[in-house]
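Notes follow once the structure below has been shown.
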Amino acid sequence: MASSARAAPHAPRHADPRVAEPPTSPSETTGFLVGKHLRLGDNFWRAVAVFGIFSILGVIGFVVRLGDGMGETAAWGYYVAMFSFIITAASAAPMVAIAPRMANSHWRRPISRAAELWSVVGLLSLLWFIPILWILPPLSDGRRSLWFFDMNHPNLVPSYTPHIWASAAILGLVVTGLALVWVSCLPDFASIARRAPEGSFQRRWSLWMARGWQGTSRQWHMVKRRMGILGAFYFMMLVFVHFLISVDFLMTLVPGWIDALYPVTHAANALQAAAATMVLTAWILRTFCGYERYIGLDQIWGLGKLMFALSLLWFWFWFSSFNVLWYGKMPFEQAVIELLITGPYLWVFMAVFMLVFVIPLWTLVWNPVRHSLWGPPLIAVGILVGTFLDRIRLYVAAYSVPGIGNPSVHKHVLDFDHLPKTVMPDIWDIFIMLGAIGLIALVYMAASRLFPIMNMWEQRELQLYDRGHAPYHRAHVRVMGKSE
Amino acid sequence: MLAKKSVLGLFPEGQEDMAADALDALREEGYTHSEYEIITGTPYPEGTFGEEEPKHTLFRWPLMGAACGFVVGLVLTSGTQLAYPLVTGGKPVLSIPPMSIIIYEGTMLGAIIFTVIGIVIESRLPRLFMGAYDERITEGYIGVAVTTDQDRVGKAEEVLKQVGAEEVKRGWES
């Protein structure tokens with residue numbers, strides 16, 4: 001009567017160290033993962049030290065820049081570019097958990113929480129965004145926008161409309177992301193509360209966050225449905241935030257840059273960067289954080305394929321926009337191409353083109369590279385550097401256009417003969433860029449102390465469906481079930 | 001009205017069939033699905049223990065929020081445009097494309113806010129009155145909890161023991 005329905009112990013045919021072989025019992029899984037969550041290794045503190053220094057430099061750079069005032073938009077181009085990089089590379093990363101979960105795939109389980117955790121970095125983007133509300137001039141400077149602002153009737157449409165709606169949208173995205181992480185962590189908080197030392201902060205925090213979680217059928221039902229709903233909302237808000245930021249905080253600053261495709265391009269680039277962020281995160285967790293029993297070739301390979309597909313998409317989007325401007329060949333369209341691609345930022349564009357398209361295409365196309373533990377992370381670094389440069393190319397160029405904020409300057413046409421020169425970063429810009437990288441990493445690491453970085457209950461759930469290795473005709477296969 | 005009491009039968013990891021038998025036995029003794037529930041540390045596929053699929057009204061919250069947000073967005077955009085009729089570029093005063101941006105954002109924000117509120121309310125978190133519970137459930141144990149009238153709790157305890165629960169313990173009283 002009491003026969004076990006659990007999977008038989010694994011009997012792996014081969015011992016490939018690249019393939020993750022997680023524990024096979026729920027108690028072992030919980031014990032191992034709670035233990036990992038409660039203990040901090042030396043690597044953690046080394047990383048805190050490095051990124052802490054970066055962050056301090058960033059704060060110094062910001063304060064010095066602030067001392068010069070906010071009137072000169074060209075001086076703030078790198079700062080705004082870093083904001084865009086944060087919402088591109090970090091805030092989009094939860095999509096790597098959301099989309100495969102909806103598709104009911106098993107390979108994403110060890111990395112799904114690590115991906116969701118990136119939504120906590122949204123708090124940094126919210127904070128980083130506040131000064132930009134002062135940097136971006138109101139619509140009364142006469143630039144074209146979506147908002148039907150009329151210079152002749154400046155009181156009819158609020159001049160700060162872009163600021164208001166973008167703030168609300170970013171806030172919505174951050175709240176959705178935090179709610180998603182919390183709902184996802186509820187069962188794990190109950191597990192941590194049981195095993196954390198009596199009286200410790202981790203125990204008190206987990207007990208409070210678990211909100212009396214027990215694990216009734218109703219609660220499990222709620223968690224799964226809520227995660228689906230919140231995931232869908234996160235995606236919808238993410239695309240919308242990219243739409244608003246790319247239009248109001250980028251395109252409208254460049255007279256003549258009229259491109260209906262670009263807002264979607266901005267979001268699609270974020271998905272590519274998100275895949276790269278997660279490849280790198282998974283590799284770091286495996287290599288430096290002791291999660292090699294959970295994260296292996298399956299995860300790196302799966303993400304690598306995603307990254308490959310999104311790299312092709314980058315070219316498709318870029319070429320579609322470029323073609324319209326290039327064929328149109330109106331003077332202002334030529335000026336836009338010159339400013340953003342062939343002119344003062346040509347070398348940056350070339351680097352971007354190589355790093356986010358050519359190199360991923362011609363490396364990930366080869367199986368030995370794609371199906372390895374070292375290939376996709378290496379390409380991911382390139383894609384992140386490329387995305388970083390791409391945001392600099394666009395935002396720094398846009399914020400250097402003369403006349404931003406000055407109503408007396410005509411803003412419907414960009415003058416080809418008077419394009420701004422390349423704005424090279426000064427020492428404070430470099431500090432701000434280092435600060436952005438440092439703060440992204442620090443916030444993520446802090447989040448990993450509050451929320452377990454590995455989803456324990458999804459790992460235990462996997463064990464219900466994993467029937468281990470079995471012979472299949474003359475081959476061996478791993479038998480996995482799926483809920484219907 | 002009689003006071004309610006709860007009792008919990010614990011089944012070790014791997015004894016899913018025994019826990020399912022416990023639910024069958026409880027049903028045979030006349031306990032209804034509102035009186036017993038299965039508690040696990042892992043989300044088993046729905047129906048693994050022969051339990052009824054939980055009824056939920058989760059969809060109502062985002063739908064209500066989205067409807068409120070949509071109305072607010074619509075009223076805000078059309079109201080302001082009608083209050084200050086401004087013809088821009090020959091477009092109608094009430095132009096759908098620019099209105100849809102605000103309406104979309106209002107709808108999304110309404111849905112998100114109501115969903116977060118709904119999560120707290122629908123999931124009954126925080127649980128103010130904890131039923132019978134054992135922390136070993138987070139380690140893989142399966143719990144069958146029965147919350148029923150005081151005079152029927154003894155029988156439930158007996159059923160759980162008969163089926164083979166490793167341990168049976170009492171919970172809170174109300």
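Residues are named by chain letter and number: chains run A, B, ... in the order of the structure tokens, numbers start at 1 in each chain, and ligands are numbered from 1 in the order shown.
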
Residue hits in chain A, query chain B, radius 7 Å, only C-alpha atoms, as number ranges by chain = A: 1-6, 26-27, 30, 146-148, 156, 169, 172, 176, 179, 191, 194, 211-212, 214-220, 222, 457, 460-461, 483

Would you mind listing what lies within 8 Å of Val168 in chain B as a PDB file with N, CA and C atoms, in the first residue's frame, with only C-alpha atoms counted and same-chain residues fewer than 3 positions away left out?
ATOM      1  N   VAL B   7      -5.866  18.394  13.554  1.00  0.00           N
ATOM      2  CA  VAL B   7      -4.961  17.293  13.821  1.00  0.00           C
ATOM      3  C   VAL B   7      -4.162  17.034  12.548  1.00  0.00           C
ATOM      4  N   LEU B   8      -2.922  16.645  12.735  1.00  0.00           N
ATOM      5  CA  LEU B   8      -2.035  16.461  11.577  1.00  0.00           C
ATOM      6  C   LEU B   8      -1.416  15.076  11.607  1.00  0.00           C
ATOM      7  N   GLY B   9      -1.551  14.372  10.492  1.00  0.00           N
ATOM      8  CA  GLY B   9      -0.866  13.089  10.343  1.00  0.00           C
ATOM      9  C   GLY B   9       0.348  13.285   9.461  1.00  0.00           C
ATOM     10  N   LEU B  10       1.509  12.769   9.905  1.00  0.00           N
ATOM     11  CA  LEU B  10       2.747  12.963   9.137  1.00  0.00           C
ATOM     12  C   LEU B  10       3.158  11.658   8.454  1.00  0.00           C
ATOM     13  N   GLU B 157      -8.175  11.512  14.122  1.00  0.00           N
ATOM     14  CA  GLU B 157      -6.876  11.082  14.658  1.00  0.00           C
ATOM     15  C   GLU B 157      -6.740   9.555  14.517  1.00  0.00           C
ATOM     16  N   LEU B 160      -6.152   8.517  10.865  1.00  0.00           N
ATOM     17  CA  LEU B 160      -4.778   8.785  10.430  1.00  0.00           C
ATOM     18  C   LEU B 160      -3.819   7.729  10.990  1.00  0.00           C
ATOM     19  N   LYS B 161      -4.047   7.329  12.232  1.00  0.00           N
ATOM     20  CA  LYS B 161      -3.186   6.304  12.842  1.00  0.00           C
ATOM     21  C   LYS B 161      -3.385   4.965  12.154  1.00  0.00           C
ATOM     22  N   ALA B 165       0.054   6.701   9.643  1.00  0.00           N
ATOM     23  CA  ALA B 165       0.834   7.938   9.807  1.00  0.00           C
ATOM     24  C   ALA B 165       1.962   7.701  10.814  1.00  0.00           C
TER      25      ALA B 165
END

Select from range 318-378 of chain A everything DSSP, run on the backbone, classes as alpha helix (DSSP H), then give the selection as a ChimeraX atom specification.
-> /A:318-328,331-337,346-353,359-364,367-370,375-378

Neighbour list for Val183 in chain A as number ranges by chain, cut-off 9 Å, only C-alpha atoms, skip fewer than 2 positions in-chain | A: 178-181, 185-187, 223-224, 226-227; B: 119

Excluding Pro131 in chain A and any residue of its chain fewer than 6 positions from it, enumerate the residues within 12 Å of it, using only C-alpha atoms, and give them as a list in words.
-> Phe62, Val63, Arg65, Leu66, Gly69, Met70, Gly71, Thr73, Trp76, Tyr79, Val80, Phe83, Ser125, Pro137, His163 and Ser167 of chain A

Write down as JSON, numbers by chain the residues of chain B whose backbone DSSP state falls under strand (DSSP E).
-> {"B": [4, 5, 6, 7, 8, 9, 10, 11, 36, 37, 38, 39, 142, 143, 144, 145, 146, 147, 148, 149, 167, 168, 169, 170, 171, 172, 173]}

Please produce a file of the residues just selected, as a JSON list (two decimals), in the first residue's frame, where the atoms kept are N, CA and C atoms.
[["chain", "number", "residue", "atom", "x", "y", "z"],
["B", 4, "LYS", "N", -13.54, 24.46, 16.78],
["B", 4, "LYS", "CA", -12.80, 23.65, 15.79],
["B", 4, "LYS", "C", -11.45, 23.25, 16.38],
["B", 5, "LYS", "N", -11.02, 22.08, 16.00],
["B", 5, "LYS", "CA", -9.68, 21.63, 16.39],
["B", 5, "LYS", "C", -9.02, 21.04, 15.16],
["B", 6, "SER", "N", -7.71, 21.02, 15.16],
["B", 6, "SER", "CA", -7.03, 20.42, 14.01],
["B", 6, "SER", "C", -6.05, 19.35, 14.46],
["B", 7, "VAL", "N", -5.87, 18.39, 13.55],
["B", 7, "VAL", "CA", -4.96, 17.29, 13.82],
["B", 7, "VAL", "C", -4.16, 17.03, 12.55],
["B", 8, "LEU", "N", -2.92, 16.64, 12.74],
["B", 8, "LEU", "CA", -2.04, 16.46, 11.58],
["B", 8, "LEU", "C", -1.42, 15.08, 11.61],
["B", 9, "GLY", "N", -1.55, 14.37, 10.49],
["B", 9, "GLY", "CA", -0.87, 13.09, 10.34],
["B", 9, "GLY", "C", 0.35, 13.28, 9.46],
["B", 10, "LEU", "N", 1.51, 12.77, 9.91],
["B", 10, "LEU", "CA", 2.75, 12.96, 9.14],
["B", 10, "LEU", "C", 3.16, 11.66, 8.45],
["B", 11, "PHE", "N", 3.47, 11.76, 7.19],
["B", 11, "PHE", "CA", 3.91, 10.60, 6.41],
["B", 11, "PHE", "C", 5.29, 10.88, 5.87],
["B", 36, "TYR", "N", -10.30, 18.66, 5.36],
["B", 36, "TYR", "CA", -8.93, 18.12, 5.34],
["B", 36, "TYR", "C", -8.12, 18.79, 4.22],
["B", 37, "GLU", "N", -6.84, 18.81, 4.41],
["B", 37, "GLU", "CA", -5.97, 19.32, 3.35],
["B", 37, "GLU", "C", -4.62, 18.65, 3.41],
["B", 38, "ILE", "N", -3.98, 18.63, 2.27],
["B", 38, "ILE", "CA", -2.67, 18.01, 2.16],
["B", 38, "ILE", "C", -1.63, 19.12, 2.27],
["B", 39, "ILE", "N", -0.59, 18.91, 3.03],
["B", 39, "ILE", "CA", 0.46, 19.93, 3.20],
["B", 39, "ILE", "C", 1.79, 19.31, 2.80],
["B", 142, "ILE", "N", 5.08, 14.50, 4.32],
["B", 142, "ILE", "CA", 3.78, 14.90, 3.77],
["B", 142, "ILE", "C", 2.79, 14.95, 4.94],
["B", 143, "GLY", "N", 2.08, 16.06, 5.04],
["B", 143, "GLY", "CA", 1.13, 16.23, 6.14],
["B", 143, "GLY", "C", -0.30, 16.11, 5.65],
["B", 144, "VAL", "N", -1.12, 15.41, 6.39],
["B", 144, "VAL", "CA", -2.56, 15.41, 6.13],
["B", 144, "VAL", "C", -3.21, 16.07, 7.34],
["B", 145, "ALA", "N", -3.71, 17.28, 7.14],
["B", 145, "ALA", "CA", -4.29, 18.04, 8.26],
["B", 145, "ALA", "C", -5.80, 17.97, 8.20],
["B", 146, "VAL", "N", -6.40, 17.76, 9.34],
["B", 146, "VAL", "CA", -7.87, 17.75, 9.42],
["B", 146, "VAL", "C", -8.27, 18.82, 10.43],
["B", 147, "THR", "N", -9.09, 19.75, 10.01],
["B", 147, "THR", "CA", -9.60, 20.78, 10.91],
["B", 147, "THR", "C", -11.12, 20.62, 10.96],
["B", 148, "THR", "N", -11.62, 20.23, 12.12],
["B", 148, "THR", "CA", -13.03, 19.87, 12.18],
["B", 148, "THR", "C", -13.61, 20.17, 13.57],
["B", 149, "ASP", "N", -14.88, 19.84, 13.74],
["B", 149, "ASP", "CA", -15.51, 20.07, 15.04],
["B", 149, "ASP", "C", -14.82, 19.24, 16.12],
["B", 167, "GLU", "N", 3.41, 9.85, 12.64],
["B", 167, "GLU", "CA", 3.13, 10.59, 13.86],
["B", 167, "GLU", "C", 1.83, 11.38, 13.66],
["B", 168, "VAL", "N", 1.06, 11.48, 14.71],
["B", 168, "VAL", "CA", -0.17, 12.28, 14.64],
["B", 168, "VAL", "C", -0.11, 13.31, 15.76],
["B", 169, "LYS", "N", -0.32, 14.57, 15.42],
["B", 169, "LYS", "CA", -0.23, 15.61, 16.45],
["B", 169, "LYS", "C", -1.40, 16.57, 16.36],
["B", 170, "ARG", "N", -1.73, 17.16, 17.49],
["B", 170, "ARG", "CA", -2.84, 18.11, 17.55],
["B", 170, "ARG", "C", -2.36, 19.53, 17.23],
["B", 171, "GLY", "N", -3.32, 20.35, 16.74],
["B", 171, "GLY", "CA", -2.96, 21.74, 16.43],
["B", 171, "GLY", "C", -3.75, 22.73, 17.26],
["B", 172, "TRP", "N", -4.07, 23.88, 16.69],
["B", 172, "TRP", "CA", -4.70, 24.97, 17.43],
["B", 172, "TRP", "C", -6.18, 24.71, 17.64],
["B", 173, "GLU", "N", -6.73, 25.45, 18.58],
["B", 173, "GLU", "CA", -8.17, 25.40, 18.83],
["B", 173, "GLU", "C", -8.75, 26.78, 18.56]]
